[in-house]
>>> print(open('work30.cif').read())   # mmCIF, C-alpha atoms
data_run
#
loop_
_atom_site.label_atom_id
_atom_site.label_comp_id
_atom_site.auth_asym_id
_atom_site.auth_seq_id
_atom_site.Cartn_x
_atom_site.Cartn_y
_atom_site.Cartn_z
CA MET A 19 -1.16 -135.59 -52.44
CA GLN A 20 -3.24 -132.96 -50.69
CA SER A 21 -1.32 -133.62 -47.51
CA ALA A 22 2.01 -133.03 -49.24
CA ARG A 23 0.68 -129.84 -50.85
CA PHE A 24 -0.49 -128.59 -47.44
CA LEU A 25 2.95 -129.22 -45.93
CA ILE A 26 4.65 -127.32 -48.77
CA LEU A 27 2.30 -124.33 -48.38
CA SER A 28 2.84 -124.34 -44.62
CA ALA A 29 6.62 -124.35 -45.08
CA ILE A 30 6.42 -121.42 -47.51
CA THR A 31 4.25 -119.47 -45.07
CA VAL A 32 6.74 -120.03 -42.25
CA LEU A 33 9.66 -118.96 -44.45
CA LEU A 34 7.86 -115.79 -45.55
CA CYS A 35 6.78 -114.91 -42.02
CA HIS A 36 10.14 -115.58 -40.39
CA PRO A 37 12.08 -112.57 -41.75
CA LEU A 38 9.09 -110.31 -41.18
CA CYS A 39 8.72 -111.39 -37.57
CA GLY A 40 12.45 -111.01 -37.01
CA SER A 41 12.36 -107.56 -38.57
CA ASP A 42 9.50 -106.52 -36.26
CA LYS A 43 11.43 -107.60 -33.17
CA ALA A 44 14.59 -105.92 -34.41
CA SER A 45 12.74 -102.64 -35.02
CA ARG A 46 11.42 -102.43 -31.47
CA GLN A 47 13.16 -99.89 -29.32
CA THR A 48 14.49 -100.57 -25.87
CA PRO A 49 13.17 -98.35 -23.06
CA ARG A 50 16.45 -96.42 -22.99
CA GLN A 51 16.32 -95.79 -26.73
CA ALA A 52 12.67 -94.72 -26.76
CA LEU A 53 12.97 -92.44 -23.74
CA ARG A 54 15.87 -90.52 -25.28
CA ALA A 55 13.18 -88.46 -27.00
CA PHE A 56 12.62 -86.85 -23.59
CA ASN A 57 16.26 -86.02 -22.84
CA ASP A 58 15.44 -82.29 -22.83
CA LEU A 59 13.30 -82.84 -19.73
CA ILE A 60 16.28 -83.86 -17.60
CA GLY A 61 17.01 -81.19 -15.02
CA SER A 62 15.10 -78.74 -12.85
CA TRP A 63 12.16 -76.67 -14.09
CA ARG A 64 10.13 -73.78 -12.70
CA GLY A 65 6.46 -74.30 -13.45
CA ILE A 66 3.59 -71.83 -13.31
CA GLY A 67 0.14 -73.39 -13.20
CA THR A 68 -3.18 -71.77 -14.04
CA PRO A 69 -6.67 -73.23 -13.68
CA GLU A 70 -9.31 -72.80 -16.34
CA GLY A 71 -11.84 -70.05 -15.75
CA THR A 72 -12.20 -66.32 -15.97
CA ARG A 73 -9.21 -64.00 -15.87
CA GLU A 74 -9.88 -63.32 -12.20
CA GLU A 75 -10.15 -67.05 -11.42
CA LYS A 76 -6.87 -67.74 -13.21
CA GLN A 77 -5.08 -64.96 -11.33
CA ARG A 78 -6.52 -66.06 -8.00
CA GLY A 79 -5.84 -69.75 -8.51
CA PHE A 80 -2.35 -69.77 -10.09
CA TRP A 81 0.51 -71.57 -8.38
CA THR A 82 4.23 -72.25 -8.83
CA GLU A 83 6.00 -75.58 -8.59
CA THR A 84 9.46 -77.01 -9.27
CA LEU A 85 9.78 -80.16 -11.36
CA THR A 86 12.97 -82.23 -11.36
CA TRP A 87 13.43 -84.97 -13.96
CA GLU A 88 16.17 -87.62 -13.97
CA TRP A 89 16.99 -91.01 -15.43
CA GLN A 90 16.67 -94.28 -13.52
CA PHE A 91 18.22 -97.65 -14.45
CA LYS A 92 17.89 -101.25 -13.30
CA GLY A 93 19.69 -103.80 -15.42
CA GLU A 94 18.56 -103.26 -19.01
CA ASP A 95 15.43 -101.41 -17.89
CA ALA A 96 15.31 -97.61 -17.88
CA TRP A 97 12.73 -94.98 -17.02
CA LEU A 98 12.43 -91.31 -16.10
CA LYS A 99 11.25 -90.10 -12.72
CA VAL A 100 10.00 -86.64 -11.81
CA ALA A 101 9.51 -84.95 -8.45
CA PHE A 102 7.09 -82.03 -8.01
CA ASP A 103 8.15 -79.64 -5.27
CA LYS A 104 5.09 -77.68 -4.07
CA GLY A 105 3.03 -79.35 -6.80
CA LYS A 106 -0.67 -78.59 -6.48
CA HIS A 107 -1.86 -81.79 -8.13
CA PHE A 108 1.12 -84.18 -8.41
CA VAL A 109 4.04 -84.92 -6.09
CA ALA A 110 5.92 -87.57 -8.09
CA GLY A 111 5.78 -89.62 -11.27
CA GLU A 112 7.52 -92.22 -13.44
CA LEU A 113 7.58 -92.27 -17.23
CA ARG A 114 8.18 -95.66 -18.84
CA TYR A 115 8.15 -97.12 -22.35
CA LEU A 116 6.08 -100.21 -23.14
CA PRO A 117 7.91 -101.98 -26.01
CA ASP A 118 5.16 -104.52 -26.70
CA LYS A 119 2.60 -101.75 -27.23
CA ASP A 120 4.95 -99.04 -28.52
CA LEU A 121 3.35 -96.67 -26.03
CA PHE A 122 4.46 -94.66 -23.01
CA GLN A 123 3.08 -94.96 -19.50
CA PHE A 124 3.13 -92.31 -16.79
CA THR A 125 2.40 -93.39 -13.24
CA ALA A 126 1.70 -90.41 -11.00
CA THR A 127 1.33 -89.91 -7.28
CA THR A 128 -1.19 -87.17 -6.58
CA ALA A 129 -1.12 -84.60 -3.79
CA GLY A 130 -3.81 -86.74 -2.15
CA LYS A 131 -1.42 -89.76 -2.24
CA GLU A 132 -3.42 -91.56 -4.92
CA THR A 133 -1.71 -93.48 -7.72
CA ARG A 134 -2.92 -92.81 -11.25
CA THR A 135 -1.74 -94.40 -14.49
CA TYR A 136 -1.92 -92.81 -17.93
CA THR A 137 -0.90 -94.44 -21.22
CA GLY A 138 -0.51 -93.12 -24.74
CA PRO A 139 1.66 -92.31 -27.78
CA PHE A 140 4.36 -89.72 -28.40
CA LYS A 141 4.18 -87.93 -31.74
CA ASP A 142 5.53 -84.60 -33.03
CA LYS A 143 6.91 -83.75 -29.57
CA VAL A 144 3.50 -84.26 -27.95
CA LEU A 145 2.91 -87.04 -25.41
CA THR A 146 -0.82 -87.74 -25.08
CA LEU A 147 -1.66 -89.92 -22.08
CA GLU A 148 -5.07 -91.12 -20.98
CA GLY A 149 -6.42 -93.05 -18.03
CA LEU A 150 -9.88 -94.17 -16.91
CA ASP A 151 -11.15 -93.31 -13.44
CA GLN A 152 -13.65 -96.07 -12.69
CA VAL A 153 -14.95 -94.38 -9.52
CA LYS A 154 -15.68 -91.03 -11.18
CA GLY A 155 -16.64 -92.62 -14.48
CA GLU A 156 -14.45 -90.27 -16.50
CA THR A 157 -11.49 -90.40 -18.86
CA GLN A 158 -8.56 -88.29 -17.73
CA ARG A 159 -6.03 -86.92 -20.19
CA LEU A 160 -2.54 -85.64 -19.42
CA THR A 161 -0.77 -84.00 -22.37
CA ILE A 162 2.93 -83.09 -22.23
CA THR A 163 4.18 -80.84 -25.04
CA LEU A 164 7.92 -80.31 -25.61
CA LEU A 165 8.14 -76.78 -26.95
CA HIS A 166 11.90 -76.21 -26.78
CA SER A 167 14.93 -77.54 -24.96
CA ASN A 168 14.22 -75.02 -22.19
CA ARG A 169 10.41 -74.98 -22.18
CA PHE A 170 7.56 -77.48 -21.98
CA LEU A 171 3.99 -77.49 -20.78
CA TYR A 172 1.50 -80.02 -19.55
CA ARG A 173 -2.27 -79.77 -19.34
CA TYR A 174 -4.90 -81.87 -17.63
CA GLU A 175 -8.34 -82.57 -19.06
CA ILE A 176 -11.32 -84.77 -18.18
CA LYS A 177 -14.19 -86.26 -20.17
CA PRO A 178 -17.19 -87.60 -18.26
CA LYS A 179 -18.70 -90.75 -19.74
CA ALA A 180 -21.80 -88.97 -21.04
CA ARG A 181 -19.86 -86.17 -22.78
CA PRO A 182 -18.13 -86.36 -26.20
CA LEU A 183 -15.42 -83.75 -25.58
CA PHE A 184 -12.64 -83.17 -23.04
CA THR A 185 -12.73 -80.19 -20.67
CA ARG A 186 -9.46 -78.61 -19.60
CA LEU A 187 -9.00 -78.18 -15.85
CA TYR A 188 -5.55 -76.61 -15.72
CA GLN A 189 -2.26 -76.07 -17.51
CA VAL A 190 1.33 -75.72 -16.32
CA GLY A 191 4.06 -73.99 -18.31
CA ALA A 192 7.60 -74.86 -17.25
CA THR A 193 10.94 -73.17 -17.94
CA LYS A 194 14.28 -74.87 -17.31
CA GLU A 195 16.33 -73.43 -14.45
CA GLY A 196 20.00 -72.51 -14.74
CA GLU A 197 20.59 -73.78 -18.27
CA ALA A 198 23.65 -72.37 -19.99
CA PHE A 199 23.08 -72.09 -23.71
CA ALA A 200 26.03 -72.58 -26.01
CA GLY A 201 26.51 -70.16 -28.85
CA PRO A 202 26.71 -71.18 -32.50
CA GLY A 203 29.60 -73.51 -33.14
CA ASN A 204 30.21 -74.24 -29.48
CA ALA A 205 30.29 -77.94 -28.73
CA GLN A 206 28.13 -79.14 -25.85
CA PRO A 207 29.18 -82.25 -23.91
CA GLU A 208 26.94 -85.29 -24.38
CA CYS A 209 25.76 -87.52 -21.57
CA ILE A 210 27.66 -90.77 -22.04
CA VAL A 211 24.70 -92.77 -20.68
CA SER A 212 21.55 -91.18 -22.18
CA GLY A 213 22.93 -89.09 -25.03
CA GLY A 214 21.39 -85.92 -23.61
CA LEU A 215 23.14 -82.71 -22.57
CA GLY A 216 26.01 -83.57 -20.22
CA THR A 217 26.07 -81.18 -17.27
CA ILE A 218 27.92 -83.24 -14.63
CA ALA A 219 31.55 -84.30 -15.03
CA VAL A 220 32.61 -87.81 -13.98
CA ASN A 221 36.10 -89.31 -14.05
CA TYR A 222 37.24 -92.81 -14.91
CA ASN A 223 40.80 -94.05 -15.49
CA GLY A 224 42.10 -90.51 -15.68
CA LYS A 225 39.56 -89.38 -18.30
CA THR A 226 36.60 -87.03 -17.88
CA TYR A 227 33.15 -87.88 -19.18
CA HIS A 228 29.81 -86.15 -18.73
CA VAL A 229 26.35 -87.23 -17.57
CA CYS A 230 23.06 -85.37 -17.41
CA CYS A 231 21.67 -86.29 -13.98
CA SER A 232 22.36 -88.21 -10.79
CA GLY A 233 20.59 -91.28 -12.20
CA CYS A 234 22.99 -91.44 -15.15
CA ARG A 235 25.92 -90.77 -12.84
CA SER A 236 24.98 -93.77 -10.69
CA ALA A 237 24.55 -95.96 -13.78
CA PHE A 238 27.95 -94.92 -15.13
CA ARG A 239 29.69 -95.60 -11.82
CA GLU A 240 28.16 -99.09 -11.67
CA ASP A 241 29.42 -100.10 -15.12
CA PRO A 242 31.62 -97.42 -16.77
CA GLU A 243 33.12 -99.84 -19.32
CA LYS A 244 29.66 -100.61 -20.70
CA TYR A 245 28.81 -96.99 -21.46
CA ILE A 246 32.29 -96.11 -22.72
CA LYS A 247 32.07 -99.03 -25.13
CA GLU A 248 28.59 -97.97 -26.31
CA ALA A 249 29.75 -94.39 -26.84
CA ALA A 250 32.76 -95.56 -28.86
CA ALA A 251 30.55 -97.80 -31.00
CA LYS A 252 28.26 -94.86 -31.84
CA LYS A 253 31.23 -92.90 -33.16
CA GLN A 254 32.29 -95.67 -35.52
CA PRO A 255 31.29 -95.01 -39.16
CA ARG A 256 28.53 -97.28 -40.39
CA PRO A 257 29.30 -99.52 -43.38
#
>>> encode(input="work30.cif", output="structure tokens")
Amino acid sequence: MQSARFLILSAITVLLCHPLCGSDKASRQTPRQALRAFNDLIGSWRGIGTPEGTREEKQRGFWTETLTWEWQFKGEDAWLKVAFDKGKHFVAGELRYLPDKDLFQFTATTAGKETRTYTGPFKDKVLTLEGLDQVKGETQRLTITLLHSNRFLYRYEIKPKARPLFTRLYQVGATKEGEAFAGPGNAQPECIVSGGLGTIAVNYNGKTYHVCCSGCRSAFREDPEKYIKEAAAKKQPRP
């Protein structure tokens, strides 16, 4: 009797859990879907960096760098890569989404050719990434704030193990280069791959489409039918 009751309770538990588990998997975003939140970053940016310190130290230590962001694709995987031209601290980086953790991961190559990894959440247009430096015994924080479609900033902070608070080391403010802003009511082309602002025209079967970067252009050329089909499906009214 007890055995039969146990089997019934187990079956009920499985039935109740099944739709919930399925719902959780269905609600997870793919890397391409999650990274669309950063579509405004795609393109070239002029950054001005300033170290922390006195006014004189900031003026003496400031630098300029150019950041170029673009999409990358491999099968169903997608990520963003960035190159820092004349970057004082970073020369390259990759931003990925971790579906199992619902977090983002930024892997950076420093000017000293070291590889550093930072992980964290994105909320209210602020990406807060942290990594632990075992050698220095400190937590490093990289915060990227999306201020507007043509402006963002990132700051770098550290927290030694014995200290409770982070200390800012520097901040970089970046402004997008060569962006043409459409006036009210003017339609802007959408990237057929990422959904961002389409700035590059591509042709297929006599029709013109738009993409936002060379990464999306390569993806479209590899499988144009896939992205045309996805774009058409998005335009269909939902029941």
>>> atom_distance(input="work30.cif", atom1="atom CA of A:Pro242", atom2="atom CA of A:Tyr222")
7.5 Å
>>> resolve_selection(input="work30.cif", expression="the PyMOL selection byres ((chain A and resi 91) around 12)", output="ChimeraX atom specification")
/A:49-50,53,88-90,92-99,114,211-212,231-241
>>> closest_residue(input="work30.cif", among="A:Ala249, A:Cys209, A:Leu85, A:Leu59", to="A:Phe170", atoms="all atoms listed in the file")
A:Leu59
>>> axis_aligned_box(input="work30.cif", around="stretch 229-236 of chain A", padding_each_side="6 Å", output="lines of an AutoDock Vina configuration file")
center_x = 23.5
center_y = -89.6
center_z = -14.1
size_x = 17.8
size_y = 20.4
size_z = 18.9
>>> atom_distance(input="work30.cif", atom1="atom CA of A:Cys230", atom2="atom CA of A:Thr217")
5.2 Å
>>> atom_distance(input="work30.cif", atom1="atom CA of A:Pro139", atom2="atom CA of A:Ser62")
24.2 Å
>>> closest_residue(input="work30.cif", among="A:Phe56, A:Tyr172, A:Phe80, A:Phe124", to="A:Gly149", atoms="only C-alpha atoms")
A:Phe124
>>> closest_residue(input="work30.cif", among="A:Glu248, A:Glu195, A:Glu243, A:Glu175", to="A:Glu70", atoms="only C-alpha atoms")
A:Glu175
>>> residues_around(input="work30.cif", residues="A:Arg78", least_positions_apart="4", cutoff="12 Å", atoms="all atoms listed in the file", output="PDB file with C-alpha atoms, in the frame of the given file")
ATOM      1  CA  GLY A  67       0.140 -73.390 -13.200  1.00  0.00           C
ATOM      2  CA  THR A  68      -3.180 -71.770 -14.040  1.00  0.00           C
ATOM      3  CA  PRO A  69      -6.670 -73.230 -13.680  1.00  0.00           C
ATOM      4  CA  GLU A  70      -9.310 -72.800 -16.340  1.00  0.00           C
ATOM      5  CA  GLY A  71     -11.840 -70.050 -15.750  1.00  0.00           C
ATOM      6  CA  THR A  72     -12.200 -66.320 -15.970  1.00  0.00           C
ATOM      7  CA  ARG A  73      -9.210 -64.000 -15.870  1.00  0.00           C
ATOM      8  CA  GLU A  74      -9.880 -63.320 -12.200  1.00  0.00           C
TER       9      GLU A  74
END
>>> residues_around(input="work30.cif", residues="A:Ala101", least_positions_apart="2", cutoff="9 Å", atoms="only C-alpha atoms", output="ChimeraX atom specification")
/A:84-87,99,103,105,108-111
>>> residues_around(input="work30.cif", residues="A:Thr48", least_positions_apart="3", cutoff="7 Å", atoms="all atoms listed in the file", output="MDAnalysis selection string")
chainID A and resid 51:52 117
>>> write_last_selection(input="work30.cif", atoms="C-alpha atoms", output="mmCIF file, in the frame of the given file")
data_model
loop_
_atom_site.group_PDB
_atom_site.id
_atom_site.type_symbol
_atom_site.label_atom_id
_atom_site.label_comp_id
_atom_site.auth_asym_id
_atom_site.auth_seq_id
_atom_site.Cartn_x
_atom_site.Cartn_y
_atom_site.Cartn_z
ATOM 1 C CA GLN A 51 16.320 -95.790 -26.730
ATOM 2 C CA ALA A 52 12.670 -94.720 -26.760
ATOM 3 C CA PRO A 117 7.910 -101.980 -26.010
#
>>> resolve_selection(input="work30.cif", expression="the PyMOL selection byres ((chain A and resi 122) around 8)", output="list in words")
Leu113, Arg114, Tyr115, Leu116, Asp120, Leu121, Gln123, Phe124, Thr137, Gly138, Pro139, Phe140 and Leu147 of chain A
>>> resolve_selection(input="work30.cif", expression="the PyMOL selection byres ((chain A and resi 192) around 9)", output="PyMOL selection string")
chain A and resi 63-67+83-85+168-172+190-191+193-194
>>> closest_residue(input="work30.cif", among="A:Gly213, A:Tyr188, A:Asp118, A:Lys131", to="A:Arg54", atoms="all atoms listed in the file")
A:Gly213
>>> closest_residue(input="work30.cif", among="A:Thr127, A:Asn223, A:Thr82, A:Asn57", to="A:Lys143", atoms="all atoms listed in the file")
A:Asn57
>>> decode(input="work30.cif", residues="stretch 74-86 of chain A", atoms="N, CA and C atoms", output="PDB file, in the first residue's frame")
ATOM      1  N   GLU A  74      45.580  67.461 -12.408  1.00  0.00           N
ATOM      2  CA  GLU A  74      46.828  67.460 -13.170  1.00  0.00           C
ATOM      3  C   GLU A  74      47.189  66.044 -13.624  1.00  0.00           C
ATOM      4  N   GLU A  75      46.973  65.060 -12.744  1.00  0.00           N
ATOM      5  CA  GLU A  75      47.278  63.670 -13.096  1.00  0.00           C
ATOM      6  C   GLU A  75      46.362  63.162 -14.206  1.00  0.00           C
ATOM      7  N   LYS A  76      45.095  63.579 -14.166  1.00  0.00           N
ATOM      8  CA  LYS A  76      44.160  63.183 -15.217  1.00  0.00           C
ATOM      9  C   LYS A  76      44.558  63.797 -16.562  1.00  0.00           C
ATOM     10  N   GLN A  77      44.928  65.076 -16.540  1.00  0.00           N
ATOM     11  CA  GLN A  77      45.321  65.752 -17.778  1.00  0.00           C
ATOM     12  C   GLN A  77      46.616  65.171 -18.339  1.00  0.00           C
ATOM     13  N   ARG A  78      47.528  64.826 -17.459  1.00  0.00           N
ATOM     14  CA  ARG A  78      48.816  64.299 -17.900  1.00  0.00           C
ATOM     15  C   ARG A  78      48.701  62.854 -18.385  1.00  0.00           C
ATOM     16  N   GLY A  79      47.772  62.103 -17.810  1.00  0.00           N
ATOM     17  CA  GLY A  79      47.701  60.686 -18.123  1.00  0.00           C
ATOM     18  C   GLY A  79      46.616  60.274 -19.099  1.00  0.00           C
ATOM     19  N   PHE A  80      45.844  61.226 -19.655  1.00  0.00           N
ATOM     20  CA  PHE A  80      44.745  60.849 -20.555  1.00  0.00           C
ATOM     21  C   PHE A  80      45.283  60.261 -21.857  1.00  0.00           C
ATOM     22  N   TRP A  81      44.460  59.472 -22.517  1.00  0.00           N
ATOM     23  CA  TRP A  81      44.829  58.876 -23.793  1.00  0.00           C
ATOM     24  C   TRP A  81      43.593  58.741 -24.674  1.00  0.00           C
ATOM     25  N   THR A  82      43.821  58.497 -25.962  1.00  0.00           N
ATOM     26  CA  THR A  82      42.717  58.257 -26.895  1.00  0.00           C
ATOM     27  C   THR A  82      42.897  56.872 -27.508  1.00  0.00           C
ATOM     28  N   GLU A  83      41.790  56.237 -27.804  1.00  0.00           N
ATOM     29  CA  GLU A  83      41.814  54.925 -28.440  1.00  0.00           C
ATOM     30  C   GLU A  83      40.600  54.780 -29.340  1.00  0.00           C
ATOM     31  N   THR A  84      40.678  53.877 -30.289  1.00  0.00           N
ATOM     32  CA  THR A  84      39.549  53.587 -31.176  1.00  0.00           C
ATOM     33  C   THR A  84      39.091  52.157 -30.922  1.00  0.00           C
ATOM     34  N   LEU A  85      37.795  52.007 -30.658  1.00  0.00           N
ATOM     35  CA  LEU A  85      37.226  50.688 -30.403  1.00  0.00           C
ATOM     36  C   LEU A  85      36.309  50.313 -31.562  1.00  0.00           C
ATOM     37  N   THR A  86      36.459  49.108 -32.074  1.00  0.00           N
ATOM     38  CA  THR A  86      35.619  48.633 -33.170  1.00  0.00           C
ATOM     39  C   THR A  86      34.950  47.327 -32.760  1.00  0.00           C
TER      40      THR A  86
END
